[in-house]
Amino acid sequence: MRITISGPPGSGTTSLARYLAGKHGLDFISAGEVFRQLAREHGMDLAAFGRFAESDPAVDRMIDARQKEIGEGSEDIIVEGRLSGRMIENADLRIWLSAPLSCRAKRIAGRDGMDEEGARVYTENRQRSEATRYRSYYGIDINDLSPYDIVLSSETFGVDALGAIVDTAIACLARQKGTL
């Protein structure tokens with residue numbers, strides 16, 4: 001089964017992806033982790049590397065192409081990233097997680113050691129930057145959720161509840177495919 005998990009920064013996509021990968025024995029790749037690693041390799045913080053990515057489309061295109069290649073070529077995988085639900089054309093299940101900016105900023109502040117206001121400003125700027133790049137590179141409106149099979153609130157549901165909802169969807173899909 002190929003599952004994609006997408007959502008805005010701080011929505012919990014990585015947490016859900018790790019939960020599902022562990023529970024279902026699926027491989028896991030994360031565009032965000034690749035982006036963070038590249039930022040470290042270039043000696044930049046995420047905001048500076050985001051600005052660099054704006055000036056050099058090769059950064060996003062490399063991450064997206066690699067994720068697409070791995071995701072579409074694997075049988076049992078979870079691909080987590082803002083565009084994974086759009087890039088992995090043969091995905092069996094596409095999930096979008098949402099949460100209000102205030103909730104996400106609080107998570108990002110805790111994760112990245114920032115104050116909440118700084119995390120909010122950083123997240124707003126990051127979202128604007130990504131939306132501009134996605135529209136420019138691929139003609140994608142990141143706010144159009146029509147490609148997704150399931151849209152869930154990670155403010156309403158914690159990772160265990162999100163996991164239980166998705167576990168049910170996975171079981172239903174497996175029955176439909178005759179693999180359960």
# chains A, B, ... in the order shown; residues from 1 in each chain; ligands from 1
call {"tool": "residues_around", "arguments": {"residues": "range 139-153 of chain A", "least_positions_apart": "4", "cutoff": "10 Å", "atoms": "only C-alpha atoms", "output": "number ranges by chain"}}
result
A: 4-8, 11-12, 82-83, 85-86, 92-100, 127, 130-135, 157-158, 162, 165-166, 169
call {"tool": "residues_around", "arguments": {"residues": "range 76-78 of chain A", "least_positions_apart": "2", "cutoff": "9 Å", "atoms": "only C-alpha atoms", "output": "list in words"}}
result
Met1, Arg2, Ile3, Thr4, Ile5, Ala17, Arg18, Leu20, Ala21, His24, Gly25, Leu26, Asp27, Phe28, Ile29, Ser30, Ile70, Gly71, Ser74 and Glu80 of chain A
call {"tool": "atom_distance", "arguments": {"atom1": "CA of Asp112 in chain A", "atom2": "CA of Glu124 in chain A"}}
result
15.4 Å
call {"tool": "residues_around", "arguments": {"residues": "Asp60 in chain A", "least_positions_apart": "2", "cutoff": "10 Å", "atoms": "only C-alpha atoms", "output": "PyMOL selection string"}}
result
chain A and resi 31+35+50+53-54+56-58+62-66+130+133-134+137
call {"tool": "write_last_selection", "arguments": {"atoms": "N, CA and C atoms", "output": "PDB file, in the first residue's frame"}}
result
ATOM      1  N   ALA A  31       9.738  14.479   3.054  1.00  0.00           N
ATOM      2  CA  ALA A  31      10.302  15.628   2.343  1.00  0.00           C
ATOM      3  C   ALA A  31      10.840  16.661   3.331  1.00  0.00           C
ATOM      4  N   PHE A  35      14.533  18.256   3.459  1.00  0.00           N
ATOM      5  CA  PHE A  35      14.722  19.701   3.415  1.00  0.00           C
ATOM      6  C   PHE A  35      15.576  20.167   4.599  1.00  0.00           C
ATOM      7  N   GLY A  50      14.860  28.233   3.010  1.00  0.00           N
ATOM      8  CA  GLY A  50      13.631  28.457   2.263  1.00  0.00           C
ATOM      9  C   GLY A  50      13.797  29.593   1.267  1.00  0.00           C
ATOM     10  N   ALA A  53      15.860  28.299  -1.501  1.00  0.00           N
ATOM     11  CA  ALA A  53      15.050  27.443  -2.385  1.00  0.00           C
ATOM     12  C   ALA A  53      14.190  28.289  -3.321  1.00  0.00           C
ATOM     13  N   GLU A  54      13.733  29.457  -2.833  1.00  0.00           N
ATOM     14  CA  GLU A  54      12.959  30.362  -3.688  1.00  0.00           C
ATOM     15  C   GLU A  54      13.783  30.847  -4.871  1.00  0.00           C
ATOM     16  N   ASP A  56      16.437  29.211  -6.103  1.00  0.00           N
ATOM     17  CA  ASP A  56      16.998  28.094  -6.864  1.00  0.00           C
ATOM     18  C   ASP A  56      15.976  26.961  -6.914  1.00  0.00           C
ATOM     19  N   PRO A  57      15.157  26.919  -7.958  1.00  0.00           N
ATOM     20  CA  PRO A  57      14.114  25.895  -8.086  1.00  0.00           C
ATOM     21  C   PRO A  57      14.655  24.462  -8.049  1.00  0.00           C
ATOM     22  N   ALA A  58      15.934  24.305  -8.284  1.00  0.00           N
ATOM     23  CA  ALA A  58      16.523  22.957  -8.283  1.00  0.00           C
ATOM     24  C   ALA A  58      16.361  22.278  -6.926  1.00  0.00           C
ATOM     25  N   MET A  62      14.458  18.793  -6.859  1.00  0.00           N
ATOM     26  CA  MET A  62      15.224  17.612  -6.496  1.00  0.00           C
ATOM     27  C   MET A  62      14.501  16.808  -5.410  1.00  0.00           C
ATOM     28  N   ILE A  63      14.036  17.495  -4.384  1.00  0.00           N
ATOM     29  CA  ILE A  63      13.328  16.825  -3.296  1.00  0.00           C
ATOM     30  C   ILE A  63      12.058  16.166  -3.834  1.00  0.00           C
ATOM     31  N   ASP A  64      11.276  16.898  -4.617  1.00  0.00           N
ATOM     32  CA  ASP A  64      10.023  16.374  -5.149  1.00  0.00           C
ATOM     33  C   ASP A  64      10.247  15.187  -6.092  1.00  0.00           C
ATOM     34  N   ALA A  65      11.243  15.293  -6.962  1.00  0.00           N
ATOM     35  CA  ALA A  65      11.518  14.208  -7.912  1.00  0.00           C
ATOM     36  C   ALA A  65      11.981  12.954  -7.186  1.00  0.00           C
ATOM     37  N   ARG A  66      12.824  13.134  -6.182  1.00  0.00           N
ATOM     38  CA  ARG A  66      13.326  11.973  -5.431  1.00  0.00           C
ATOM     39  C   ARG A  66      12.179  11.308  -4.671  1.00  0.00           C
ATOM     40  N   GLU A 130       6.286  28.681   0.298  1.00  0.00           N
ATOM     41  CA  GLU A 130       5.987  27.392  -0.335  1.00  0.00           C
ATOM     42  C   GLU A 130       4.840  27.517  -1.334  1.00  0.00           C
ATOM     43  N   ARG A 133       6.142  29.040  -4.481  1.00  0.00           N
ATOM     44  CA  ARG A 133       6.984  28.101  -5.241  1.00  0.00           C
ATOM     45  C   ARG A 133       6.147  27.015  -5.895  1.00  0.00           C
ATOM     46  N   TYR A 134       5.184  26.446  -5.180  1.00  0.00           N
ATOM     47  CA  TYR A 134       4.373  25.361  -5.745  1.00  0.00           C
ATOM     48  C   TYR A 134       3.540  25.862  -6.932  1.00  0.00           C
ATOM     49  N   TYR A 137       6.223  26.530  -9.820  1.00  0.00           N
ATOM     50  CA  TYR A 137       6.862  25.341 -10.385  1.00  0.00           C
ATOM     51  C   TYR A 137       5.881  24.385 -11.045  1.00  0.00           C
TER      52      TYR A 137
END
call {"tool": "closest_residue", "arguments": {"among": "A:Asn90, A:Glu75, A:Pro9, A:Gly32", "to": "Ala109 in chain A", "atoms": "only C-alpha atoms"}}
result
A:Pro9
call {"tool": "select_by_dssp", "arguments": {"residues": "chain A", "states": "helix (DSSP H, G or I)", "output": "ChimeraX atom specification"}}
result
/A:13-24,31-41,46-55,58-73,84-87,101-112,116-138,159-177
call {"tool": "select_by_dssp", "arguments": {"residues": "range 58-166 of chain A", "states": "strand (DSSP E)", "output": "count of residues only"}}
result
14
call {"tool": "atom_distance", "arguments": {"atom1": "CA of Ala174 in chain A", "atom2": "CA of Ala91 in chain A"}}
result
13.3 Å
call {"tool": "closest_residue", "arguments": {"among": "A:Val79, A:Ala39, A:Arg120, A:Cys172", "to": "Arg51 in chain A", "atoms": "only C-alpha atoms"}}
result
A:Ala39
